[in-house]
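Dropping input-v1.txt in here (compact mmCIF, C-alpha atoms):
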# COMPACT_ATOMS: atom_id res chain seq x y z
CA MET A 1 41.34 110.99 28.31
CA ASP A 2 38.08 112.77 27.59
CA LEU A 3 37.97 114.22 24.08
CA LYS A 4 35.67 116.95 25.36
CA SER A 5 38.47 118.17 27.60
CA GLU A 6 39.97 121.56 26.85
CA ASN A 7 43.32 119.76 26.56
CA TYR A 8 42.46 118.73 22.99
CA LEU A 9 42.28 121.01 19.98
CA PRO A 10 40.48 120.39 16.68
CA ILE A 11 42.68 120.42 13.60
CA GLY A 12 41.66 123.92 12.51
CA GLU A 13 42.48 125.54 15.83
CA PHE A 14 45.70 123.58 16.24
CA ALA A 15 46.80 124.56 12.71
CA ARG A 16 46.14 128.22 13.47
CA ILE A 17 48.18 128.09 16.67
CA VAL A 18 51.22 126.43 15.10
CA GLY A 19 51.07 128.48 11.89
CA ILE A 20 50.55 125.79 9.26
CA THR A 21 47.56 124.69 7.21
CA PRO A 22 45.17 121.92 8.20
CA ASN A 23 46.00 120.24 4.88
CA SER A 24 49.69 120.07 5.85
CA LEU A 25 48.71 118.36 9.10
CA ARG A 26 46.65 115.84 7.13
CA VAL A 27 49.64 115.18 4.84
CA TYR A 28 51.94 114.62 7.83
CA ASP A 29 49.34 112.26 9.29
CA SER A 30 48.92 110.31 6.05
CA LYS A 31 52.69 109.82 5.81
CA GLY A 32 53.01 108.79 9.44
CA ILE A 33 55.25 111.75 10.24
CA PHE A 34 52.96 113.44 12.76
CA SER A 35 49.61 112.10 13.86
CA PRO A 36 46.87 113.60 16.04
CA ALA A 37 46.63 112.65 19.68
CA LYS A 38 43.09 111.41 19.22
CA ARG A 39 40.54 110.75 16.50
CA GLY A 40 36.76 110.95 16.58
CA ASN A 41 34.46 112.55 19.08
CA GLY A 42 32.50 109.52 20.14
CA PHE A 43 30.09 109.63 17.20
CA GLU A 44 32.02 107.40 14.78
CA ASN A 45 33.64 110.26 12.86
CA ASP A 46 37.30 110.59 12.01
CA TYR A 47 37.98 114.13 13.20
CA ARG A 48 41.55 114.86 14.23
CA TYR A 49 42.34 116.27 17.67
CA TYR A 50 45.70 117.45 18.92
CA ALA A 51 47.14 117.93 22.38
CA PRO A 52 48.90 121.21 23.30
CA MET A 53 52.10 119.32 24.14
CA GLN A 54 52.37 118.36 20.46
CA ILE A 55 53.05 121.97 19.51
CA THR A 56 56.81 121.71 20.14
CA THR A 57 57.06 118.55 18.02
CA ILE A 58 55.22 119.98 15.02
CA LYS A 59 57.24 123.20 15.26
CA MET A 60 60.47 121.19 14.97
CA ILE A 61 59.07 119.14 12.09
CA ARG A 62 58.14 122.36 10.32
CA VAL A 63 61.67 123.75 10.84
CA LEU A 64 63.26 120.56 9.50
CA THR A 65 60.92 120.60 6.49
CA LYS A 66 61.65 124.26 5.77
CA ILE A 67 65.41 123.66 5.68
CA GLY A 68 65.05 120.77 3.27
CA VAL A 69 65.16 117.65 5.44
CA PRO A 70 63.35 114.96 3.40
CA HIS A 71 60.07 113.60 4.73
CA ARG A 72 61.51 110.09 4.75
CA THR A 73 64.23 111.22 7.17
CA ILE A 74 61.67 112.88 9.44
CA LEU A 75 59.55 109.70 9.24
CA GLU A 76 62.52 107.60 10.34
CA MET A 77 62.95 109.88 13.32
CA ALA A 78 59.24 109.67 14.11
CA THR A 79 59.14 105.87 14.03
CA SER A 80 62.51 105.02 15.61
CA ARG A 81 63.70 108.13 17.39
CA THR A 82 66.35 108.14 20.06
CA PRO A 83 68.27 111.03 21.65
CA GLU A 84 71.42 109.89 19.85
CA LYS A 85 69.72 109.87 16.42
CA LEU A 86 68.24 113.29 17.00
CA ILE A 87 71.61 114.70 18.07
CA LYS A 88 73.21 113.34 14.89
CA LEU A 89 70.48 114.82 12.69
CA LEU A 90 70.50 118.21 14.40
CA ARG A 91 74.31 118.50 14.29
CA LYS A 92 74.29 117.71 10.58
CA GLN A 93 71.61 120.31 9.92
CA LYS A 94 73.42 122.86 12.08
CA GLU A 95 76.59 122.49 9.99
CA GLU A 96 74.67 122.78 6.73
CA LEU A 97 72.81 125.83 7.99
CA ALA A 98 76.07 127.49 9.04
CA GLY A 99 77.34 127.11 5.47
CA GLU A 100 74.07 128.45 4.09
CA ILE A 101 74.20 131.41 6.46
CA ARG A 102 77.75 132.23 5.29
CA PHE A 103 76.60 132.08 1.67
CA LEU A 104 73.55 134.24 2.32
CA SER A 105 75.63 136.76 4.26
CA GLU A 106 78.07 137.01 1.35
CA ALA A 107 75.23 137.25 -1.17
CA HIS A 108 73.68 140.06 0.88
CA SER A 109 77.01 141.89 0.94
CA VAL A 110 77.54 141.51 -2.83
CA ILE A 111 74.00 142.66 -3.65
CA ALA A 112 74.25 145.64 -1.28
CA MET A 113 77.54 146.72 -2.86
CA PHE A 114 76.22 146.54 -6.42
CA LEU A 115 73.11 148.44 -5.37
CA ASP A 116 75.30 151.19 -3.92
CA PHE A 117 77.53 151.32 -7.02
CA ILE A 118 74.68 151.33 -9.52
CA THR A 119 72.72 153.94 -7.57
CA GLU A 120 75.79 156.18 -7.36
CA GLY A 121 76.39 155.67 -11.08
CA LEU A 122 72.85 156.73 -11.97
CA LEU A 123 73.18 159.87 -9.83
CA ALA A 124 76.65 160.80 -11.11
CA GLU A 125 77.15 163.85 -13.29
CA GLU A 126 79.58 162.70 -15.94
CA SER A 127 81.34 166.06 -16.33
CA GLU A 128 81.69 166.63 -12.59
CA ILE A 129 85.00 166.54 -10.72
CA PHE A 130 84.95 167.03 -6.97
CA VAL A 131 86.74 166.36 -3.70
CA ARG A 132 85.08 164.27 -1.05
CA GLU A 133 85.88 162.55 2.21
CA SER A 134 85.79 158.80 1.71
CA PRO A 135 85.84 156.14 4.45
CA GLY A 136 88.43 153.37 4.45
CA LYS A 137 87.47 149.92 3.22
CA ARG A 138 88.94 146.43 2.89
CA ILE A 139 89.98 145.04 -0.49
CA VAL A 140 91.86 142.09 -2.02
CA LEU A 141 94.84 143.56 -3.90
CA GLY A 142 96.44 141.54 -6.68
CA GLU A 143 100.10 141.16 -7.57
CA PRO A 144 101.80 143.87 -9.69
CA ASN A 145 101.02 143.74 -13.40
CA GLU A 146 104.19 143.43 -15.48
CA TYR A 147 102.65 143.95 -18.96
CA GLY A 148 105.55 142.02 -20.40
CA GLY A 149 105.62 140.53 -23.87
CA GLY A 150 103.04 142.92 -25.23
CA GLU A 151 100.44 142.04 -22.59
CA ASP A 152 97.56 144.52 -22.45
CA PHE A 153 94.83 145.45 -19.98
CA TYR A 154 92.79 142.34 -20.73
CA GLY A 155 95.70 139.94 -20.39
CA ALA A 156 96.64 141.41 -17.01
CA PHE A 157 93.03 141.28 -15.90
CA SER A 158 92.77 137.60 -16.88
CA ARG A 159 95.89 136.79 -14.87
CA PHE A 160 94.43 138.57 -11.85
CA CYS A 161 91.21 136.54 -12.08
CA THR A 162 93.00 133.20 -12.42
CA ALA A 163 95.93 133.70 -10.01
CA ARG A 164 95.99 132.37 -6.47
CA HIS A 165 95.18 134.92 -3.78
CA ALA A 166 95.23 134.97 0.01
CA PRO A 167 92.47 135.24 1.02
CA GLU A 168 90.94 133.47 -1.95
CA LEU A 169 89.66 135.94 -4.51
CA ASN A 170 85.90 136.30 -4.56
CA LEU A 171 84.96 137.28 -8.11
CA SER A 172 81.38 138.03 -7.07
CA TYR A 173 82.51 141.48 -5.91
CA PRO A 174 83.33 144.34 -8.32
CA ILE A 175 86.91 144.50 -9.62
CA GLY A 176 88.85 147.76 -9.86
CA GLY A 177 92.18 149.10 -11.06
CA TYR A 178 94.90 150.38 -8.69
CA PHE A 179 97.68 152.88 -9.45
CA ASP A 180 100.28 153.63 -6.79
CA SER A 181 100.42 157.32 -7.78
CA MET A 182 98.73 159.91 -9.95
CA GLU A 183 101.91 160.06 -12.04
CA ARG A 184 101.53 156.40 -12.95
CA PHE A 185 97.87 156.94 -13.79
CA LEU A 186 98.63 159.93 -16.02
CA ASP A 187 101.46 158.05 -17.73
CA ALA A 188 99.44 154.90 -18.53
CA PRO A 189 95.76 155.28 -17.50
CA SER A 190 94.70 152.07 -19.25
CA ARG A 191 97.31 149.95 -17.46
CA PRO A 192 96.58 149.59 -13.74
CA VAL A 193 99.61 148.76 -11.63
CA ARG A 194 97.43 146.17 -9.94
CA PHE A 195 93.83 145.01 -9.96
CA PHE A 196 91.80 144.66 -6.81
CA SER A 197 88.53 143.20 -5.63
CA HIS A 198 86.13 145.17 -3.44
CA ASP A 199 85.83 142.05 -1.27
CA PRO A 200 85.45 143.28 2.34
CA ALA A 201 87.21 140.13 3.55
CA GLY A 202 90.49 141.37 2.03
CA LYS A 203 93.64 142.03 4.04
CA GLU A 204 94.54 145.30 2.27
CA THR A 205 92.76 148.59 2.69
CA ILE A 206 91.79 151.68 0.77
CA SER A 207 92.69 154.35 3.29
CA GLY A 208 90.06 156.83 4.34
CA GLY A 209 90.63 160.49 3.51
CA LEU A 210 90.22 163.11 0.80
CA TYR A 211 89.83 161.88 -2.77
CA LEU A 212 89.52 163.81 -6.00
CA THR A 213 86.82 161.98 -7.94
CA GLY A 214 85.61 162.07 -11.53
CA TYR A 215 83.72 159.98 -14.09
CA THR A 216 83.97 158.98 -17.71
CA ARG A 217 82.10 156.60 -20.02
CA GLY A 218 83.34 153.88 -22.29
CA TYR A 219 84.49 150.28 -22.51
CA TYR A 220 86.96 148.79 -20.02
CA GLY A 221 90.37 150.45 -19.97
CA ARG A 222 89.20 153.67 -21.60
CA THR A 223 89.67 156.86 -19.57
CA ASN A 224 89.22 159.49 -22.33
CA ASP A 225 90.31 162.94 -21.13
CA LEU A 226 89.47 162.34 -17.45
CA PRO A 227 93.13 162.07 -16.25
CA ARG A 228 93.95 165.43 -17.81
CA ARG A 229 90.83 167.09 -16.42
CA MET A 230 91.55 165.79 -12.93
CA ALA A 231 95.14 167.04 -13.07
CA ALA A 232 93.96 170.47 -14.25
CA TYR A 233 91.35 170.67 -11.49
CA ALA A 234 93.97 169.82 -8.85
CA GLU A 235 96.32 172.51 -10.14
CA ARG A 236 93.59 175.18 -10.16
CA ASN A 237 92.46 174.37 -6.64
CA GLY A 238 95.77 173.90 -4.86
CA LEU A 239 95.48 170.15 -4.45
CA THR A 240 98.43 167.79 -4.16
CA PHE A 241 98.18 164.17 -5.27
CA ASP A 242 99.66 162.24 -2.36
CA GLY A 243 98.64 158.61 -2.75
CA PRO A 244 97.04 155.89 -4.85
CA VAL A 245 94.42 156.16 -7.56
CA TYR A 246 91.50 153.72 -7.68
CA ASN A 247 89.36 152.99 -10.75
CA THR A 248 85.96 151.33 -10.34
CA TYR A 249 83.18 150.77 -12.87
CA LEU A 250 79.92 151.80 -11.25
CA LEU A 251 77.96 150.80 -14.35
CA ASP A 252 79.29 147.87 -16.36
CA GLU A 253 78.11 144.78 -18.25
CA LEU A 254 75.97 143.78 -15.30
CA SER A 255 73.69 146.81 -15.65
CA MET A 256 74.39 148.30 -19.12
CA ALA A 257 73.72 146.67 -22.49
CA ASP A 258 75.79 149.24 -24.39
CA PRO A 259 79.55 149.04 -23.56
CA GLU A 260 79.95 152.65 -24.61
CA GLN A 261 77.76 153.62 -21.64
CA TYR A 262 79.83 151.87 -18.96
CA LEU A 263 80.63 154.44 -16.25
CA LEU A 264 84.12 154.55 -14.73
CA GLN A 265 84.77 156.29 -11.45
CA VAL A 266 88.33 157.44 -10.74
CA SER A 267 89.32 158.46 -7.19
CA ALA A 268 92.78 159.89 -6.45
CA SER A 269 94.09 160.54 -2.95
CA VAL A 270 94.79 164.27 -2.43
CA SER A 271 95.65 166.83 0.23
CA GLU A 272 95.36 170.61 0.30
CA ALA A 273 97.12 173.39 2.18
CA ARG A 274 94.01 175.44 2.85
CA ARG A 275 92.86 176.07 6.40
CA ASP A 276 89.52 174.46 5.77
CA PRO A 277 90.29 171.06 4.22
CA MET A 278 86.60 170.49 3.52
CA ALA A 279 86.12 173.69 1.53
CA HIS A 280 86.17 171.90 -1.82
CA ILE A 281 84.07 168.90 -0.83
CA ARG A 282 81.62 168.23 -3.65
CA ARG A 283 82.76 171.39 -5.48
CA ARG A 284 81.96 171.15 -9.14
CA ALA A 285 84.66 171.31 -11.77
CA LYS A 286 85.05 174.66 -13.48
Mind converting the file's structure to structure tokens?
Amino acid sequence: MDLKSENYLPIGEFARIVGITPNSLRVYDSKGIFSPAKRGNGFENDYRYYAPMQITTIKMIRVLTKIGVPHRTILEMATSRTPEKLIKLLRKQKEELAGEIRFLSEAHSVIAMFLDFITEGLLAEESEIFVRESPGKRIVLGEPNEYGGGEDFYGAFSRFCTARHAPELNLSYPIGGYFDSMERFLDAPSRPVRFFSHDPAGKETISGGLYLTGYTRGYYGRTNDLPRRMAAYAERNGLTFDGPVYNTYLLDELSMADPEQYLLQVSASVSEARRDPMAHIRRRAK
């Protein structure tokens, strides 16, 4: 083949086309992983020239390198490749990538959730109580807390984190407290009936609908006067508590250095007899 033919590309042009540096091509060549189609231009130099049909090969080598396949493995494929060996390598990498994709998808979900919680916490007005329409969401709900033998909030929480769950509990997601009614919350606001994870892979759901929502600051388990204020707001505005109460820390040890500044959000399911059920959405507490 004539090196002056347009079928051959100098290293700089070939590198630009395939999206890698000329130095990387030289490294691949020095290791025997990927060599140029031809060398020299007839004047005793050692210039590297590549054929267009090599583009597919170098693209695959680049992909394998990017996903962590060692150079020695790629070299083995380059020196003694067969269809069967390539199938084995690609299947192995496909399985590993599938696991990595699952992890990255979960990490993206966890990060997005914390971003939403922290942003909402920063925008929250601590004294505000309001009604809003909330969408349903999946959760992992733990077993009932017995609080026997003098067990407190922290003991029950520890049992929730160490117990077996189906699906398996993912502690990367925020953990909240569940009360089956407002009465239970008012009676013992620091003792959730159950704990739950905001894991969207859960089998249980937080039903969509109207929720009376308020905030308070302090360390875990502290609700201050928020239960009383929420009950008073409901009475003034003709609201009926008709379902569970969910407690979630929007700002906690992950984002706040001072435990006294942790921000708890309490959301209680409500209904109202007014003609316009949305009339009190985002209405401030009086």
Requested in this report: Pick out the residues sitting within 7 Å of stretch 256-259 of chain A, and hand them over as a VMD selection string; count only C-alpha atoms, and ignore anything fewer than 4 positions along from it in its own chain.
Outcome: chain A and resid 218 to 219 251 to 252
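Remark: for A:Ser181, the closest of the candidate residues A:Asp242, A:Glu260, A:Glu13, A:Glu272 is A:Asp242 (distances computed over only C-alpha atoms).
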**Report entry** Within 7 Å of A:Ser134 using only C-alpha atoms, minus same-chain residues under 3 positions, as a ChimeraX atom specification
**Finding:** /A:208-211
Query raised in the report: For A:Asn145, which of A:Ile67, A:Leu122, A:Leu264, A:Ala163 is the closest residue, counting all atoms listed in the file?
Result: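 The answer is A:Ala163, which sits nearest to A:Asn145.
Nearest-residue note for A:Leu226: choosing from A:Ile74, A:Val140, A:Leu64, A:Leu212, the minimum distance belongs to A:Leu212, counting all atoms listed in the file.
Distances from A:Met230, A:Val193, A:Val245, A:Ala124 to A:Leu263 were compared using all atoms listed in the file, and the smallest one belongs to A:Ala124.
Between atom CA of A:Tyr220 and atom CA of A:Ala156 lies a distance of 12.5 Å.
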Report task. State, in Å with one decimal place, the distance from atom CA of A:Ser190 to atom CA of A:Glu128. Result ->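 Straight-line distance from atom CA of A:Ser190 to atom CA of A:Glu128 works out to 20.6 Å.
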